[in-house]
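Participant: Just passing along the structure, written as structure tokens.
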Amino acid sequence: MTTTTQAPTNAPATARWIVGPAQDLLLFLCTPVLILPAILLLQQRFASAAISTAVMAFGAMGHHLPGMLRAYGDRALFRRYRTRFVVAPVILVTLCVAFALRGSSGMLLIAYLWGVWHGWMQTYGFARIYDAKVGSFGPRVARWDFGLCATWFVAGVVVADTRLFYLLRMAGEFGFAAPGADAVAALRVGVIATLIAVTLGYAANLLALQRAGRRVNPLKLLLLATSFGWWWYANVAVADILIGLILFEIFHDVQYLSIVWLFNRGRVDRDPDVGGFTRFVFRRSWGLVGLYVAMVFAYGGLGPLAEHWVTSPTAISIATALVTASTLLHFYYDGFLWKVREVTTRQSLGIDAGREAQAAPLVTRHALIWLLLLVPVAILWTTSHGRADRDSIDEARRLAASCPRSAEALVTLGTALGDAGDHDGSVTAFERALALVPDHPRARVNLVTSCYQAGRAALAAGRGDDARRLLGLAGAERPELAQHETAEGYGLWQARKLEDAILHLRTAVLLDPRFPPGQLNLALALRDHGDPRAALQHAEIGAGLLPDDAKARQLVAELRRLVEGR
């Protein structure tokens with residue numbers, strides 16, 4: 001939704017809203033005020049992953065549908081851009097499937113970067129609409145709006161450990177070594193300095209406009225403040241990347257779906273040649289608003305359905321590729337379907353049409369724009385190194401040092417350390433990840449495994465306190481491990497491999513001190529190993545847990561006689 005249109009300068013002040021005060025504040029300007037408490041309430045009942053799955057599937061993917069409805073449901077528009085609408089899906093689907101089957105995240109990296117551009121361009125588009133409503137903009141103002149949006153959105157990615165980690169990790173697949181913490185710090189200083197300079201320049205331009213008597217829509221400034229603030233809060237302040245993503249995604253989706261509905265309502269009112277389907281769906285009816293939302297949710301539901309029904313690795317890769325292709329098509333269509341510089345678009349948004357601003361981009365220019373996609377894609381295809389060595393310990397350490405507030409970076413480091421046998425290091429990494437995101441599922445599961453391995457190693461090395469802490473953490477999450485260790489120890493005791501049996505059984509009682517078979521079998525192994533005093537302690541604990549068990553009481557009595565020398 002970009003524009004460089006020169007609008008009249010005598011627009012009335014009452015026209016500064018897109019819809020009206022209440023609607024604009026709710027749908028475009030202050031939506032985060034409602035989103036944050038809603039997500040906080042959901043977090044009390046659902047895990048971050050469950051909330052993210054629902055929002056990102058039904059919201060993020062679902063909101064691709066309106067652009068596709070316009071692309072393929074508007075007959076005049078389809079005739080105008082027939083080649084693009086036929087060729088673009090073929091190219092993007094082919095590329096996404098090819099990269100996915102190769103095991104490369106190249107198109108995901110493209111979607112990641114294009115998504116940041118898409119986010120700032122939506123904010124920029126709304127800024128241009130609000131300026132157009134009061135006739136207070138020109139090419140210079142448009143350039144400043146664009147620069148400010150680009151700077152704040154890009155800086156939000158660079159400063160956010162959660163976002164930067166994914167970017168650096170994906171780039172590592174293509175031969176870009178992860179930078180060190182000093183390099184990232186220097187980059188951030190440069191980005192923040194640029195952000196400050198652009199923001200000060202923007203403020204100076206606003207003052208110059210006021211002195212020249214040119215009006216600026218204050219709602220545009222409110223839009224920019226809430227959009228930038230919410231982007232930074234979701235990315236920089238929120239440590240859980242899943243929650244951060246959905247916080248901004250909901251804001252983005254509400255804005256987008258609302259403006260598209262308004263646009264199509266305007267078309268139905270003003271364009272007698274609008275197609276029958278569009279005229280039906282976008283009539284003045286609350287029931288049809290529900291149909292519109294239901295269609296969006298139905299399209300978004302295709303992703304979860306595929307995830308539920310598809311099981312083979314190849315099919316999963318293809319399904320993921322199709323979701324990525326849908327995302328890229330959404331970004332692509334939005335680049336030219338909703339341009340405010342078009343007279344018909346301005347009319348549908350209730351903006352004074354004025355004169356035709358610019359002709360649609362020439363075919364040659366559009367072909368050059370495609371090169372901006374295809375050239376990076378070709379580079380990524382030729383430089384992909386695959387995923388086998390992406391999580392080396394050195395790279396994982398650099399990423400964790402550069403992005404210390406990224407739980408995902410710490411989980412990656414912990415996994416790499418655990419695979420290399422450094423279970424103590426992996427425990428530390430997973431504990432740091434859980435300190436940032438307490439319900440991180442991978443960190444919690446992997447922490448249990450690492451604590452179990454590190455605790456066994458500490459017990460074998462004679463570090464009792466460390467073993468007690470680590471195995472206690474593992475046993476609290478997975479008490480069945482005590483049963484496994486008890487069974488192993490009992491088998492070794494029967495085979496008269498007493499030292500090995502004692503190690504397994506000591507592990508069992510540290511995992512779950514209240515598991516009676518672990519305590520009693522350890523007592524038997526210690527007795528046969530010649531340590532009746534220690535055996536008695538564990539037998540008494542086991543018998544206390546089974547007060548009605550005659551064999552347990554008999555074992556305690558036997559051990560007491562041994563200890564007393566009778």
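Chain labels follow the order of the structure tokens: the first chain is A, the next B, and so on; residue numbering restarts at 1 in every chain, and ligands are counted from 1 in their shown order.
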Write down as an MDAnalysis selection string the residues belonging to region 369-501 of chain A that are assigned alpha helix (DSSP H) by DSSP computed on the backbone.

Facilitator: chainID A and resid 369:383 393:402 407:419 423:436 441:460 464:477 480:494 498:501

Participant: Could you state the separation of CA of Arg188 (chain A) and CA of Val159 (chain A) in Å, given to one decimal place?

Facilitator: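 Between these atoms lies a distance of 6.2 Å.
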
Participant: Quick one: residues within 10 Å of Leu224 (chain A), only C-alpha atoms counted, chain neighbours fewer than 5 positions away excluded, as an MDAnalysis selection string?

Facilitator: chainID A and resid 29 123:124 126:127 145 148:149 152 218:219 229:230

Participant: Suppose you want the space between CA of Met61 (chain A) and CA of Gly125 (chain A); what is it in Å?

Facilitator: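 Atom-to-atom, CA of Met61 (chain A) to CA of Gly125 (chain A), that is 20.6 Å.
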
Participant: Under the rule that only C-alpha atoms are counted, which of A:Ala239, A:Ala132, A:Phe280, A:Val116 is the nearest residue to Gly73 (chain A)?

Facilitator: A:Phe280
